[in-house]
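K.L.:
I'm passing along structure_7.cif; it holds mmCIF, C-alpha atoms and all ligand atoms.
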data_my_file
loop_
_atom_site.label_atom_id
_atom_site.label_comp_id
_atom_site.auth_asym_id
_atom_site.auth_seq_id
_atom_site.Cartn_x
_atom_site.Cartn_y
_atom_site.Cartn_z
CA MET X 23 56.08 95.89 130.65
CA ILE X 24 54.10 95.74 127.48
CA ASN X 25 50.85 97.28 126.31
CA ASP X 26 48.52 94.32 125.75
CA THR X 27 46.24 96.16 123.33
CA MET X 28 49.16 97.15 121.13
CA TYR X 29 50.67 93.68 121.45
CA ALA X 30 47.39 92.15 120.25
CA ARG X 31 47.24 94.56 117.29
CA GLY X 32 50.79 93.72 116.31
CA ALA X 33 50.27 89.97 116.73
CA GLU X 34 46.98 89.66 114.87
CA SER X 35 47.91 90.69 111.37
CA SER X 36 44.94 91.74 109.23
CA VAL X 37 43.05 88.99 107.38
CA ILE X 38 43.88 90.75 104.12
CA ARG X 39 47.61 90.60 104.82
CA GLU X 40 47.31 86.96 105.94
CA ILE X 41 45.75 86.04 102.60
CA PHE X 42 48.46 87.98 100.77
CA THR X 43 51.16 86.06 102.71
CA TYR X 44 49.42 82.74 101.97
CA ALA X 45 49.25 83.71 98.27
CA ASN X 46 52.99 84.31 98.16
CA GLU X 47 53.72 80.98 99.83
CA ARG X 48 51.40 79.21 97.42
CA LYS X 49 53.00 80.98 94.43
CA ALA X 50 56.39 79.66 95.55
CA GLN X 51 54.92 76.12 95.72
CA ILE X 52 52.88 75.89 92.51
CA GLY X 53 53.98 78.85 90.38
CA ALA X 54 52.74 82.43 90.45
CA GLU X 55 50.63 81.92 87.32
CA ASN X 56 48.46 79.34 89.13
CA VAL X 57 47.48 81.48 92.13
CA PHE X 58 44.76 84.14 91.85
CA ASP X 59 45.40 86.66 94.58
CA PHE X 60 42.56 89.20 94.81
CA SER X 61 43.34 90.27 98.38
CA LEU X 62 45.25 93.55 98.36
CA GLY X 63 44.38 97.10 97.35
CA ASN X 64 47.84 97.79 95.93
CA PRO X 65 47.39 99.73 92.65
CA SER X 66 48.47 97.68 89.63
CA VAL X 67 48.72 100.77 87.41
CA PRO X 68 52.23 102.31 87.62
CA ALA X 69 52.69 105.84 88.94
CA PRO X 70 52.44 108.34 86.05
CA ASP X 71 55.66 109.48 84.41
CA GLU X 72 55.11 112.99 85.78
CA VAL X 73 55.99 111.56 89.22
CA ARG X 74 59.40 110.37 88.02
CA GLN X 75 60.01 113.69 86.23
CA SER X 76 59.11 115.62 89.38
CA ILE X 77 61.47 113.53 91.51
CA GLU X 78 64.30 113.98 89.00
CA ARG X 79 63.78 117.75 88.99
CA SER X 80 63.71 117.89 92.78
CA LEU X 81 66.88 115.84 93.12
CA LYS X 82 68.77 118.54 91.20
CA LEU X 83 67.92 121.08 93.92
CA PRO X 84 70.10 121.62 97.01
CA PRO X 85 69.44 118.59 99.26
CA GLU X 86 68.29 120.70 102.22
CA GLN X 87 65.44 122.03 100.06
CA VAL X 88 64.34 118.52 99.20
CA HIS X 89 65.04 116.41 102.27
CA GLY X 90 64.68 118.90 105.12
CA TYR X 91 61.73 119.10 107.50
CA THR X 92 58.86 121.16 106.19
CA PRO X 93 56.57 123.07 108.57
CA ALA X 94 54.29 120.56 110.36
CA PRO X 95 51.21 121.33 108.20
CA GLY X 96 53.31 120.97 105.04
CA ALA X 97 55.25 123.31 102.75
CA PRO X 98 53.17 126.46 102.13
CA GLU X 99 53.56 126.24 98.33
CA VAL X 100 52.37 122.61 98.38
CA ARG X 101 49.30 123.38 100.50
CA THR X 102 48.52 126.32 98.22
CA ALA X 103 48.82 124.08 95.14
CA VAL X 104 46.39 121.57 96.68
CA ALA X 105 43.92 124.32 97.66
CA GLU X 106 44.04 125.90 94.19
CA SER X 107 43.54 122.56 92.48
CA LEU X 108 40.43 121.93 94.61
CA ASN X 109 39.16 125.43 93.81
CA ARG X 110 39.50 124.75 90.07
CA ARG X 111 37.62 121.48 90.39
CA PHE X 112 34.90 122.34 92.87
CA GLY X 113 34.47 126.10 92.57
CA THR X 114 35.60 126.66 96.16
CA ASN X 115 37.78 129.33 97.76
CA TYR X 116 40.24 127.33 99.79
CA THR X 117 43.68 128.58 100.76
CA MET X 118 46.65 126.85 102.33
CA ALA X 119 45.03 127.45 105.73
CA ASP X 120 42.42 124.79 104.89
CA VAL X 121 44.97 122.09 104.04
CA PHE X 122 47.19 119.97 106.32
CA MET X 123 49.61 117.58 104.57
CA THR X 124 49.74 114.07 106.05
CA VAL X 125 51.41 110.70 105.83
CA GLY X 126 48.59 109.21 103.69
CA ALA X 127 44.89 108.66 104.32
CA ALA X 128 45.60 106.48 107.35
CA ALA X 129 47.19 109.49 109.03
CA SER X 130 44.53 111.86 107.68
CA VAL X 131 41.73 109.84 109.29
CA SER X 132 43.70 109.15 112.50
CA CYS X 133 44.53 112.84 112.95
CA THR X 134 40.92 113.83 112.29
CA LEU X 135 39.58 111.28 114.77
CA GLY X 136 42.04 112.47 117.39
CA ALA X 137 40.93 116.05 116.73
CA VAL X 138 37.15 115.63 116.86
CA THR X 139 36.58 112.95 119.51
CA CYS X 140 37.00 112.80 123.27
CA PRO X 141 37.41 109.47 125.12
CA GLY X 142 34.06 107.66 125.20
CA ASP X 143 32.62 109.48 122.19
CA GLU X 144 31.02 107.41 119.44
CA VAL X 145 32.00 107.32 115.78
CA ILE X 146 29.61 105.80 113.26
CA VAL X 147 30.99 103.70 110.41
CA ILE X 148 28.92 102.38 107.50
CA ALA X 149 29.20 98.58 107.33
CA PRO X 150 30.78 97.00 105.39
CA TYR X 151 33.73 99.26 106.25
CA PHE X 152 37.50 99.51 105.92
CA PRO X 153 38.69 97.47 108.95
CA GLU X 154 41.38 99.91 110.06
CA TYR X 155 38.66 102.44 110.98
CA ARG X 156 37.92 100.46 114.14
CA VAL X 157 41.61 100.47 115.12
CA TRP X 158 41.96 104.21 114.55
CA ILE X 159 38.71 105.01 116.35
CA GLU X 160 39.69 102.94 119.37
CA THR X 161 43.19 104.45 119.38
CA ALA X 162 41.50 107.83 119.73
CA GLY X 163 39.69 106.42 122.80
CA ALA X 164 36.33 106.50 121.02
CA VAL X 165 33.80 103.73 120.36
CA CYS X 166 33.13 102.32 116.89
CA ILE X 167 29.41 102.09 116.08
CA GLU X 168 28.56 100.01 113.01
CA VAL X 169 25.53 101.03 110.94
CA LEU X 170 24.58 98.80 108.03
CA ALA X 171 24.55 100.26 104.54
CA ASP X 172 21.45 99.69 102.43
CA GLN X 173 21.79 95.98 101.66
CA GLU X 174 20.62 96.31 98.05
CA THR X 175 22.55 99.33 96.83
CA PHE X 176 25.24 99.67 99.53
CA GLN X 177 24.49 103.39 99.68
CA VAL X 178 24.37 104.97 103.15
CA ASP X 179 21.08 104.23 104.92
CA PRO X 180 20.35 107.72 106.33
CA GLU X 181 17.51 106.55 108.56
CA ALA X 182 19.71 103.85 110.09
CA VAL X 183 22.32 106.53 110.80
CA ALA X 184 19.62 108.72 112.38
CA THR X 185 18.63 105.84 114.66
CA ALA X 186 22.24 105.22 115.73
CA ILE X 187 23.00 108.85 116.66
CA THR X 188 23.26 109.46 120.40
CA ASP X 189 24.39 112.36 122.54
CA ARG X 190 27.92 110.90 122.34
CA THR X 191 28.09 110.75 118.54
CA ALA X 192 31.07 112.87 117.54
CA ALA X 193 31.57 111.82 113.94
CA VAL X 194 30.43 109.68 111.02
CA ILE X 195 32.99 108.23 108.61
CA ILE X 196 32.04 107.72 104.97
CA ASP X 197 34.23 106.35 102.22
CA SER X 198 33.09 106.91 98.63
CA PRO X 199 34.03 105.45 96.18
CA ASN X 200 33.79 102.69 98.72
CA ASN X 201 36.23 100.11 99.90
CA PRO X 202 35.07 97.28 99.97
CA THR X 203 31.86 97.55 97.88
CA GLY X 204 32.86 99.87 94.99
CA ALA X 205 29.65 101.85 95.58
CA VAL X 206 29.76 105.59 94.89
CA TYR X 207 27.38 107.52 97.12
CA THR X 208 24.96 109.57 95.03
CA ARG X 209 24.35 113.27 95.57
CA GLU X 210 20.82 112.47 96.71
CA ASN X 211 22.06 109.92 99.22
CA LEU X 212 24.64 112.34 100.66
CA GLU X 213 22.04 115.13 100.83
CA LYS X 214 19.79 112.85 102.88
CA LEU X 215 22.70 112.00 105.17
CA ALA X 216 23.52 115.71 105.55
CA ASP X 217 19.88 116.32 106.41
CA VAL X 218 19.96 113.68 109.13
CA LEU X 219 23.12 115.18 110.64
CA GLU X 220 21.77 118.72 110.51
CA ARG X 221 18.53 117.64 112.17
CA ALA X 222 20.50 115.84 114.91
CA ASN X 223 22.73 118.91 115.44
CA ALA X 224 19.70 121.21 115.70
CA GLU X 225 17.94 118.85 118.09
CA ARG X 226 21.02 118.48 120.30
CA GLU X 227 21.59 122.23 120.27
CA VAL X 228 18.09 122.85 121.62
CA ARG X 229 18.06 119.97 124.10
CA LEU X 230 21.65 120.00 125.35
CA GLY X 231 22.92 123.40 124.30
CA HIS X 232 25.52 121.16 122.60
CA PRO X 233 28.04 123.41 120.85
CA GLN X 234 29.76 120.59 118.96
CA PRO X 235 28.15 119.52 115.66
CA ILE X 236 28.62 115.98 114.35
CA VAL X 237 31.63 115.91 112.02
CA LEU X 238 31.33 114.06 108.72
CA ILE X 239 34.71 112.52 107.92
CA SER X 240 34.84 111.90 104.19
CA ASP X 241 37.68 109.46 103.55
CA GLU X 242 38.35 109.73 99.83
CA PRO X 243 41.47 107.89 98.69
CA TYR X 244 39.49 106.51 95.72
CA ARG X 245 37.92 109.83 94.61
CA GLU X 246 39.69 109.70 91.25
CA ILE X 247 39.09 105.99 90.59
CA THR X 248 35.63 106.08 89.02
CA TYR X 249 33.91 104.76 85.92
CA GLY X 250 31.75 107.74 85.04
CA ALA X 251 29.88 108.19 88.33
CA GLU X 252 29.74 111.66 89.90
CA VAL X 253 31.59 111.86 93.23
CA PRO X 254 29.97 114.89 94.90
CA TRP X 255 32.17 117.30 96.85
CA VAL X 256 30.93 116.58 100.36
CA PRO X 257 31.84 119.92 102.05
CA SER X 258 29.43 121.63 99.65
CA LEU X 259 26.61 119.45 101.05
CA TYR X 260 27.42 119.51 104.77
CA GLU X 261 29.32 122.31 106.47
CA HIS X 262 31.00 120.22 109.18
CA THR X 263 32.86 117.96 106.75
CA VAL X 264 36.52 117.07 107.00
CA VAL X 265 37.96 115.52 103.83
CA CYS X 266 40.73 112.94 104.19
CA TYR X 267 42.69 112.26 101.04
CA SER X 268 45.79 110.49 99.84
CA TYR X 269 47.75 109.90 96.66
CA SER X 270 48.11 106.17 97.39
CA LYS X 271 45.54 105.20 94.78
CA SER X 272 45.15 108.24 92.49
CA LEU X 273 48.89 108.48 91.71
CA SER X 274 49.70 104.85 92.65
CA LEU X 275 52.01 105.95 95.48
CA PRO X 276 50.87 103.84 98.47
CA GLY X 277 54.38 103.24 99.75
CA GLU X 278 55.35 106.91 99.67
CA ARG X 279 52.83 107.94 102.33
CA VAL X 280 51.45 111.29 101.33
CA GLY X 281 47.99 112.86 101.53
CA TRP X 282 46.13 115.68 103.24
CA VAL X 283 43.31 116.69 105.56
CA LEU X 284 41.04 119.51 104.43
CA VAL X 285 39.11 121.40 107.10
CA PRO X 286 37.30 124.31 105.40
CA GLN X 287 38.08 127.27 107.65
CA VAL X 288 34.54 128.61 107.65
CA SER X 289 34.04 129.19 111.37
CA GLU X 290 35.84 129.52 114.66
CA GLY X 291 34.87 125.88 115.33
CA ALA X 292 36.54 124.77 112.08
CA ARG X 293 39.70 126.70 112.96
CA ARG X 294 39.80 124.88 116.30
CA VAL X 295 39.38 121.52 114.51
CA MET X 296 42.36 122.31 112.27
CA THR X 297 44.50 123.23 115.27
CA ALA X 298 43.47 119.96 116.93
CA VAL X 299 44.40 118.05 113.73
CA ALA X 300 47.86 119.62 114.03
CA GLY X 301 47.93 118.68 117.72
CA THR X 302 47.03 115.06 116.95
CA ALA X 303 49.67 114.81 114.21
CA ARG X 304 52.18 116.15 116.73
CA SER X 305 51.01 113.74 119.43
CA LEU X 306 51.27 110.75 117.10
CA GLY X 307 54.80 111.78 116.13
CA PHE X 308 54.17 112.39 112.43
CA VAL X 309 56.31 115.60 112.44
CA CYS X 310 55.64 116.37 108.74
CA ALA X 311 54.64 114.58 105.55
CA PRO X 312 57.58 113.30 103.43
CA SER X 313 59.26 116.37 101.93
CA LEU X 314 60.21 114.91 98.55
CA PHE X 315 56.70 113.60 97.99
CA GLN X 316 55.12 116.86 99.06
CA ARG X 317 57.01 118.31 96.10
CA VAL X 318 55.68 115.53 93.89
CA VAL X 319 52.15 116.45 95.01
CA MET X 320 52.80 120.10 94.11
CA ASP X 321 54.01 119.14 90.64
CA CYS X 322 51.37 116.44 89.97
CA VAL X 323 48.32 117.89 91.69
CA ASP X 324 46.36 118.00 88.43
CA VAL X 325 47.74 114.86 86.79
CA PRO X 326 44.75 112.65 85.97
CA SER X 327 44.56 109.11 87.32
CA ASP X 328 44.86 106.35 84.77
CA VAL X 329 41.71 104.32 85.35
CA ALA X 330 41.56 102.65 81.93
CA ALA X 331 43.24 99.45 83.12
CA TYR X 332 40.93 99.18 86.15
CA ALA X 333 37.91 99.81 83.90
CA ARG X 334 38.98 96.96 81.58
CA ASN X 335 39.51 94.62 84.54
CA ARG X 336 36.15 95.57 85.97
CA ASP X 337 34.38 94.83 82.68
CA LEU X 338 36.21 91.55 82.19
CA LEU X 339 35.46 90.31 85.69
CA THR X 340 31.85 91.48 85.95
CA GLN X 341 30.86 90.13 82.53
CA ALA X 342 32.40 86.72 83.22
CA LEU X 343 31.08 86.37 86.77
CA SER X 344 27.55 87.42 85.83
CA GLN X 345 27.49 84.83 83.03
CA MET X 346 28.51 82.20 85.57
CA GLY X 347 25.59 83.18 87.82
CA TYR X 348 27.40 85.17 90.51
CA THR X 349 25.71 88.31 91.82
CA TYR X 350 27.61 91.42 92.80
CA VAL X 351 27.28 95.15 93.36
CA GLU X 352 27.92 97.06 90.12
CA PRO X 353 31.11 98.96 91.00
CA GLY X 354 30.90 102.70 90.34
CA GLY X 355 34.43 103.29 91.58
CA ALA X 356 37.51 102.02 93.46
CA PHE X 357 38.91 98.68 92.28
CA TYR X 358 36.95 96.17 94.30
CA LEU X 359 34.08 93.91 93.31
CA TRP X 360 31.66 93.00 96.09
CA VAL X 361 30.41 89.54 95.25
CA ARG X 362 27.74 87.58 97.10
CA ALA X 363 29.26 84.42 98.58
CA LEU X 364 27.55 81.26 97.36
CA GLU X 365 26.80 80.20 100.92
CA PRO X 366 25.90 82.32 103.96
CA ASP X 367 29.29 81.76 105.63
CA ALA X 368 31.77 83.88 103.65
CA GLU X 369 34.77 82.30 105.36
CA ALA X 370 33.59 78.80 104.41
CA PHE X 371 33.05 80.03 100.84
CA CYS X 372 36.60 81.45 100.77
CA GLU X 373 37.92 78.12 102.06
CA ARG X 374 36.27 76.37 99.11
CA ALA X 375 37.54 79.04 96.71
CA ARG X 376 41.03 78.36 98.05
CA ALA X 377 40.85 74.80 96.68
CA TYR X 378 40.79 76.46 93.22
CA GLU X 379 43.57 78.88 94.23
CA LEU X 380 41.09 81.79 94.25
CA LEU X 381 41.85 84.25 97.03
CA PRO X 382 39.18 86.89 97.66
CA VAL X 383 38.66 88.46 101.13
CA PRO X 384 35.68 87.29 103.24
CA SER X 385 33.23 90.03 104.21
CA ASN X 386 33.58 89.28 107.94
CA SER X 387 36.77 91.36 107.79
CA PHE X 388 34.59 94.33 106.84
CA GLY X 389 31.93 93.81 109.51
CA VAL X 390 29.23 91.91 107.54
CA GLU X 391 28.35 88.33 106.60
CA GLY X 392 27.80 86.64 103.25
CA TRP X 393 29.99 88.50 100.75
CA VAL X 394 33.55 88.57 99.46
CA ARG X 395 35.73 91.40 98.18
CA VAL X 396 37.56 90.74 94.93
CA GLY X 397 40.33 93.31 94.41
CA TYR X 398 40.75 93.74 90.66
CA CYS X 399 43.81 95.99 90.85
CA VAL X 400 45.77 93.11 89.32
CA ALA X 401 47.29 92.31 85.93
CA PRO X 402 44.49 91.43 83.48
CA GLU X 403 46.10 88.01 82.91
CA VAL X 404 45.36 87.14 86.54
CA ILE X 405 41.66 87.73 85.92
CA GLU X 406 41.70 85.89 82.57
CA ARG X 407 43.50 82.86 84.00
CA SER X 408 41.24 82.80 87.06
CA LEU X 409 37.97 82.52 85.10
CA PRO X 410 37.92 78.69 84.76
CA ALA X 411 38.46 78.49 88.54
CA TRP X 412 35.53 80.85 89.23
CA LYS X 413 33.44 78.70 86.88
CA ARG X 414 34.35 75.44 88.65
CA LEU X 415 33.63 77.06 92.02
CA ALA X 416 30.19 78.17 90.79
CA GLU X 417 29.50 74.65 89.49
CA ASP X 418 30.49 73.25 92.88
CA TYR X 419 27.56 75.21 94.29
CA GLY X 420 25.22 74.02 91.57
CA LEU X 421 25.11 77.24 89.51
N1 LIG X 501 40.93 104.50 103.69
C1 LIG X 501 40.55 103.53 102.85
C2 LIG X 501 39.09 103.37 102.57
C3 LIG X 501 41.47 102.69 102.24
O1 LIG X 501 41.06 101.73 101.40
C4 LIG X 501 42.84 102.87 102.53
C5 LIG X 501 43.86 102.00 101.94
O2 LIG X 501 43.62 101.03 101.27
C6 LIG X 501 43.20 103.89 103.42
C7 LIG X 501 42.23 104.68 103.98
C8 LIG X 501 44.62 104.13 103.77
O3 LIG X 501 45.24 104.77 102.71
P1 LIG X 501 46.74 105.28 102.76
O4 LIG X 501 47.58 104.20 102.14
O5 LIG X 501 46.78 106.51 101.96
O6 LIG X 501 47.10 105.51 104.17
#
Would you kindly transcribe this structure into structure tokens?
P.N.:
Amino acid sequence: MINDTMYARGAESSVIREIFTYANERKAQIGAENVFDFSLGNPSVPAPDEVRQSIERSLKLPPEQVHGYTPAPGAPEVRTAVAESLNRRFGTNYTMADVFMTVGAAASVSCTLGAVTCPGDEVIVIAPYFPEYRVWIETAGAVCIEVLADQETFQVDPEAVATAITDRTAAVIIDSPNNPTGAVYTRENLEKLADVLERANAEREVRLGHPQPIVLISDEPYREITYGAEVPWVPSLYEHTVVCYSYSKSLSLPGERVGWVLVPQVSEGARRVMTAVAGTARSLGFVCAPSLFQRVVMDCVDVPSDVAAYARNRDLLTQALSQMGYTYVEPGGAFYLWVRALEPDAEAFCERARAYELLPVPSNSFGVEGWVRVGYCVAPEVIERSLPAWKRLAEDYGL
């Protein structure tokens, strides 16, 4: 009567959400100011005023223009606005045909996975990785293959990817700026990855007459959240790239559920991928992206993200933690600090941190051991007040 897989997914809430729930309970017990919740990736910077202005303008229009269904791929003028904005930024020649509006990055990646995999295919993720990737890959009937990132820099390890590629590899997912490590993949790193994929495609073509190249899914909800690092435009480095984007982080609109998939329409194969993206969106029942927020995207497509608050938090946290003796990956983007746990078992470390009301996320949730993710998309006071607790925790471990 019930699908056990779906039941299990509903019953086992994510570790991140569990910590968030615990934090709220604890805040009710001892006061919000005494609990240091670093679990969620909910932007702390408010949506820019241009969003409110856009909504107010739209609400003056006839309701059917604002609240009606749009075509499944999105309103043509919205897709055109997105394409033109990308062209201005990356010197490309996209049109609305390259853009499919979605219900956020979760839908962008799910629709892409549905489009480019067949049951039993393999999809490579770079560990540590965003945990929902596994759920979305398995929902598509594919198999999630974890490949470790370089353990020093947390860049992609192209040779490790090369070793993991098999005849069933349909796609590789990358996420830069990265959740959970904050690493931004360099141009050189991405060129090496592209090289590996091109070599594998050429080799498979000769050996198998395999017509289907490996798709590089570039999941980029944090593209705009950077601290000076270049975020290369991946389709310019590897032809078979699908970009998955959302406005959840860049415009601080995670609850409004709007983003897009970009499949550059450079070949017959790419046109088929886009049609299959539409087919997956239809199959999953997405119908169309929210109409009002498609209009917001059209109006705000070039509004810059406000990263100043995240940059201040990042500096505050990294300076204090390094003085205390913690080690971490220098974050080039996103709003997460990847800190080495002070014992090999990250869960045990988080348990001890909990005694000081510090709530980071153990790295096991992201497929690796020995680290924690500290989300610094919080009010700066949370970081300031948490510093004595981080210090006592470090002292507990003899730092
Ligand atoms: N991909 C990554 C790497 C994320 O961190 C998130 C959300 O935190 C998503 C996808 C999902 O984003 P959205 O809220 O736009 O669906």
K.L.:
Considering all atoms listed in the file, tabulate each residue of chain X that lies at most 6 Å from ligand LIG 501 (chain X) along with its nearest interatomic pair and the corresponding distance in Å to one decimal; arrange the rows by chain and ascending residue number and present them as a Markdown table.
P.N.:
| residue | atom | partner | partner_atom | distance |
| --- | --- | --- | --- | --- |
| X:Gly63 | CA | X:LIG501 | O2 | 5.6 |
| X:Gly126 | CA | X:LIG501 | O5 | 3.7 |
| X:Ala127 | CA | X:LIG501 | O5 | 3.7 |
| X:Ala128 | CA | X:LIG501 | O6 | 3.6 |
| X:Phe152 | CA | X:LIG501 | C2 | 5.4 |
| X:Asp197 | CA | X:LIG501 | C2 | 5.7 |
| X:Asn201 | CA | X:LIG501 | C2 | 5.1 |
| X:Asp241 | CA | X:LIG501 | N1 | 5.9 |
| X:Ser268 | CA | X:LIG501 | O5 | 4.6 |
| X:Ser270 | CA | X:LIG501 | O5 | 4.8 |
| X:Pro276 | CA | X:LIG501 | O4 | 4.9 |
K.L.:
Rounded to one decimal in Å, what is the spacing between atom CA of X:Leu275 and atom CA of X:Ser327?
P.N.:
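Separation of atom CA of X:Leu275 and atom CA of X:Ser327: 11.5 Å.
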K.L.:
Excluding X:Pro243 and its own-chain neighbours fewer than 3 positions away, which residues fall within 12 Å of it when counting all atoms listed in the file? Please give them as a PDB file with C-alpha atoms, in the frame of the given file.
P.N.:
ATOM      1  CA  GLY X  63      44.380  97.100  97.350  1.00  0.00           C
ATOM      2  CA  PRO X  65      47.390  99.730  92.650  1.00  0.00           C
ATOM      3  CA  GLY X 126      48.590 109.210 103.690  1.00  0.00           C
ATOM      4  CA  ALA X 127      44.890 108.660 104.320  1.00  0.00           C
ATOM      5  CA  ALA X 128      45.600 106.480 107.350  1.00  0.00           C
ATOM      6  CA  ALA X 129      47.190 109.490 109.030  1.00  0.00           C
ATOM      7  CA  SER X 130      44.530 111.860 107.680  1.00  0.00           C
ATOM      8  CA  VAL X 131      41.730 109.840 109.290  1.00  0.00           C
ATOM      9  CA  PHE X 152      37.500  99.510 105.920  1.00  0.00           C
ATOM     10  CA  ILE X 196      32.040 107.720 104.970  1.00  0.00           C
ATOM     11  CA  ASP X 197      34.230 106.350 102.220  1.00  0.00           C
ATOM     12  CA  SER X 198      33.090 106.910  98.630  1.00  0.00           C
ATOM     13  CA  PRO X 199      34.030 105.450  96.180  1.00  0.00           C
ATOM     14  CA  ASN X 200      33.790 102.690  98.720  1.00  0.00           C
ATOM     15  CA  ASN X 201      36.230 100.110  99.900  1.00  0.00           C
ATOM     16  CA  SER X 240      34.840 111.900 104.190  1.00  0.00           C
ATOM     17  CA  GLU X 246      39.690 109.700  91.250  1.00  0.00           C
ATOM     18  CA  ILE X 247      39.090 105.990  90.590  1.00  0.00           C
ATOM     19  CA  THR X 248      35.630 106.080  89.020  1.00  0.00           C
ATOM     20  CA  VAL X 253      31.590 111.860  93.230  1.00  0.00           C
ATOM     21  CA  VAL X 265      37.960 115.520 103.830  1.00  0.00           C
ATOM     22  CA  CYS X 266      40.730 112.940 104.190  1.00  0.00           C
ATOM     23  CA  TYR X 267      42.690 112.260 101.040  1.00  0.00           C
ATOM     24  CA  SER X 268      45.790 110.490  99.840  1.00  0.00           C
ATOM     25  CA  TYR X 269      47.750 109.900  96.660  1.00  0.00           C
ATOM     26  CA  SER X 270      48.110 106.170  97.390  1.00  0.00           C
ATOM     27  CA  LYS X 271      45.540 105.200  94.780  1.00  0.00           C
ATOM     28  CA  SER X 272      45.150 108.240  92.490  1.00  0.00           C
ATOM     29  CA  LEU X 273      48.890 108.480  91.710  1.00  0.00           C
ATOM     30  CA  SER X 274      49.700 104.850  92.650  1.00  0.00           C
ATOM     31  CA  LEU X 275      52.010 105.950  95.480  1.00  0.00           C
ATOM     32  CA  PRO X 276      50.870 103.840  98.470  1.00  0.00           C
ATOM     33  CA  ARG X 279      52.830 107.940 102.330  1.00  0.00           C
ATOM     34  CA  VAL X 280      51.450 111.290 101.330  1.00  0.00           C
ATOM     35  CA  GLY X 281      47.990 112.860 101.530  1.00  0.00           C
ATOM     36  CA  TRP X 282      46.130 115.680 103.240  1.00  0.00           C
ATOM     37  CA  VAL X 283      43.310 116.690 105.560  1.00  0.00           C
ATOM     38  CA  SER X 327      44.560 109.110  87.320  1.00  0.00           C
ATOM     39  CA  GLY X 355      34.430 103.290  91.580  1.00  0.00           C
ATOM     40  CA  ALA X 356      37.510 102.020  93.460  1.00  0.00           C
ATOM     41  CA  PHE X 357      38.910  98.680  92.280  1.00  0.00           C
TER      42      PHE X 357
END
K.L.:
Pick from X:Asp324, X:Glu403, X:Asp337, X:Pro93: nearest to X:Arg110, with only C-alpha atoms counted?
P.N.:
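Result for the nearest residue to X:Arg110: X:Asp324.
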K.L.:
For atom CA of X:Tyr419 and atom CA of X:Val361, quote the distance in Å rounded to one decimal.
P.N.:
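Here the two named atoms are 14.6 Å from each other.
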K.L.:
Which one is closest to X:Glu406: X:Glu213, X:Cys322, X:Glu261, X:Asn56? Count only C-alpha atoms.
P.N.:
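Checking each candidate against X:Glu406, we get X:Asn56 as the closest.
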K.L.:
Which residues, written as a list in words, have at least one atom at most 9 Å from stretch 181-183 of chain X, with all atoms listed in the file counted and residues fewer than 4 positions away on the same chain left out?
P.N.:
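Everything that qualifies: Ile146, Ile148, Val169, Leu170, Ala171, Asp172, Ile187, Val194, Lys214, Leu215, Val218 and Leu219 of chain X.
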K.L.:
Between X:Val125, X:Leu238, X:Met118, X:Val57, which is the closest to X:Cys310 once you count all atoms listed in the file?
P.N.:
X:Val125
K.L.:
Contacts of stretch 33-38 of chain X at 12 Å or less, counting only C-alpha atoms, minus same-chain residues fewer than 2 places along, as a count of residues only?
P.N.:
37
K.L.:
Distance atom CA of X:Ala193-atom CA of X:Ile236, one decimal place?
P.N.:
5.1 Å
K.L.:
Show which residues sit within 7 Å of stretch 291-297 of chain X, as an MDAnalysis selection string. Count all atoms listed in the file, and ignore same-chain residues fewer than 5 positions away.
P.N.:
chainID X and resid 137:138 285:286
K.L.:
So, counting only C-alpha atoms, which residue among X:Ala416, X:Ala50, X:Ala103, X:Ala300 is closest to X:Ala342?
P.N.:
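Comparing X:Ala416, X:Ala50, X:Ala103, X:Ala300 against X:Ala342, the winner is X:Ala416.
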K.L.:
Out of X:Phe112, X:Phe308, X:Tyr398, X:Tyr207, which residue has the shortest atom-to-atom distance to X:Gly354 when counting all atoms listed in the file?
P.N.:
X:Tyr207
K.L.:
Do a neighbour search on X:Ala94 at 10 Å with only C-alpha atoms, toss out local chain neighbours closer than 6 positions, and write the hits as a list in words.
P.N.:
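Here the answer would be Phe122, Met123, Thr124, Ala300, Gly301, Ala303, Arg304, Phe308, Val309, Cys310 and Ala311 of chain X.
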K.L.:
Just to be explicit: take each residue in the selection above, keep C-alpha atoms, and write the result as a PDB file, in the coordinates of the input.
P.N.:
ATOM      1  CA  PHE X 122      47.190 119.970 106.320  1.00  0.00           C
ATOM      2  CA  MET X 123      49.610 117.580 104.570  1.00  0.00           C
ATOM      3  CA  THR X 124      49.740 114.070 106.050  1.00  0.00           C
ATOM      4  CA  ALA X 300      47.860 119.620 114.030  1.00  0.00           C
ATOM      5  CA  GLY X 301      47.930 118.680 117.720  1.00  0.00           C
ATOM      6  CA  ALA X 303      49.670 114.810 114.210  1.00  0.00           C
ATOM      7  CA  ARG X 304      52.180 116.150 116.730  1.00  0.00           C
ATOM      8  CA  PHE X 308      54.170 112.390 112.430  1.00  0.00           C
ATOM      9  CA  VAL X 309      56.310 115.600 112.440  1.00  0.00           C
ATOM     10  CA  CYS X 310      55.640 116.370 108.740  1.00  0.00           C
ATOM     11  CA  ALA X 311      54.640 114.580 105.550  1.00  0.00           C
TER      12      ALA X 311
END
K.L.:
From the set X:Arg229, X:Arg101, X:Arg374, X:Arg111, which residue has the shortest atom-to-atom contact distance to X:Asp321, counting all atoms listed in the file?
P.N.:
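Smallest distance to X:Asp321 is found for X:Arg101.
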